[in-house]
Amino acid sequence: MSDFLISSFTIAGIYALMALGLNLQAGWSGLLNFGHIAFAGLGAYATGIVIQAGGSGWTGALVGVGLAMALGWAVARLGRQLGSDYWGIATLAIAEILRTIATNEGWLTGGAQGISAIPSLFDGLPRPWNAVAFLGLVLAVVAVAALSLRRVANGRFGRALRLMREEPQLAACMGYDLKSLKTRAIMAGAAVTALAGSLYAHYMSFAGPDYMVASETFLIWTMVMIGGMGNTAGVLVGVLLVQAAYSAVPFAKDFFGFGSDLAGALRLGLIGLILLACLLWRSEGLVPEKLRKIPA
Amino acid sequence: MLQFLVDTALRASDLALIALGLSMVYGLVKFPNIAHVQYAMLGAYLTFFLRAAGVPLVGAIVLSCAATGLFTLAMHLLVFRRLLRSGPAIAMIGSLAVAMLIVAVLQGVAGSFPRMFDLPLSAPHEFGDARMTNTQLLTVGTTLLLLVLFSLLLFFTRAGRAMRALASNRALADASGLNAERITRVVNFGSGAIAGLGGSMLALSTGAHLNLGHDLLLPVFAAAILGGLGNPLGAVAGGVLIAFTETAVTNLNFGFLFGKPVAFLPVAYIGAASFLILLLALLFKPYGLFDRQVRRV
């Protein structure tokens, strides 16, 4: 039981990092990134490939973060002249292209089998403690990321992002370079997400094309939307809720004696239902963003 | 060579109807409905179940189209009309949630095993060096017929003119006394029914399976965006272009580039080809190949 809880919280922590990355782009900057998972995939694959080539985990994570930031820069450049919904479709297409490449270039990525036998980080410790240590590491990274992102959000950069989201013309008039703001927001989000992907690869000892399916992006979107776009605490609440729903399904499966098809359907349907209900009745999320209003 | 054209026509007819509906609705509601491709999958499954219940094939397809159309209409009235008040981005994320729900319900009801249609086998017709089965002929024929009917409707009837007016300038159309809400409802029903038809016909050859909608998502969006979202016949042209490229990329011998006698692109990259066209289109002609509108900056 405690093993199960530790693993649930570790995975929740990793998803929290990805959701924080998405929140920086979608929540504060209002960018519809539907290919977010590609950044995590790059982090995971970079870790796997570098370790297979004999490098260390640190190098792998750094390479992953670097690649993801480069991809983020390219994606942001692509978005220069597109309407937001068009750009959303473009990011979806980029993520799918990367997944197709990962599935087919077996010499680099192991193809559909992926890269396995990535060492876990705390193999030296005895059995329950290696998982606990990994959980501690993940939680520490999440805490650092959440606190620093909140600091950034309340600072000048975050205010500029929110102004760009609400009133792009006004932001441009005040001398902000919108292109550069968007590019920096996407690159920062990409870096955090690639780190999460790298941790995930270590945790699962595996990196494969399944990490990059579009439904993973939609899962992270659900977490961010439910919790409250643009609010760090809200995002963490959303991650916990979705992860709790996800972890509860296996119990429901055993309790009611569902088949595995029905359990999978239940998982997907539950997420869809929560997301839809949230959009219809509480579109600002459970913990809404606090916007300072200046009395007129 | 003839086989090449036949393959292109087959793929194009898979994409054309669904892209047409997507583009047509976009013109009126101004958000890309990600759930649209799942309506096609819903239609495919409904046709399968109706047929399994003993309804003859044509009747099953007609009933399933009507049901899918009604479902699309219900989604518009219950979900998207409300979400659109908070803006197109929220509506787009809402369509994502609807798409997940459709997949989840179908997975729960029908399971993840693909459902094949047991159609009578017959020898393919031969045209020169090309071959087509009965089902394929039927699919392409139905698609062509529908496209012709739809173009006649769009360009030579009052209803079609009202639709075009509403798509190009909603405020002006409203002010001229067009009933915008009623037209939007009719178009929603129609697009859902056409998507159901497209999905059912696609499923006749591939079977109804859970990835049917997801596999269509990017090619269909690529087709609709290439044609300019909101321009239904442009979407059809985009679909033909995508089908042509996909077929060309898989049939062309790239050996001359690498100095080898034979070098084909792996089949798995067919999908990537259409995404690449989509990206190129977004880079250079972001509002479609046939865009003639002047935009405020």
# chains A, B, ... in the order shown; residues from 1 in each chain; ligands from 1
>>> interface_residues(of="chain B", to="chain A", cutoff="6 Å", atoms="only C-alpha atoms", output="VMD selection string")
chain B and resid 97 100 to 101 104 107 to 108 111 272 275
>>> select_by_dssp(residues="stretch 2-212 of chain B", states="alpha helix (DSSP H)", output="ChimeraX atom specification")
/B:2-29,36-52,57-75,81-83,88-110,134-156,158-168,170-175,180-206,212
>>> atom_distance(atom1="atom CA of A:Leu137", atom2="atom CA of A:Val224")
22.6 Å
>>> closest_residue(among="B:Val25, B:Ala123, B:Leu204, B:Val140", to="B:Val187", atoms="only C-alpha atoms")
B:Val25
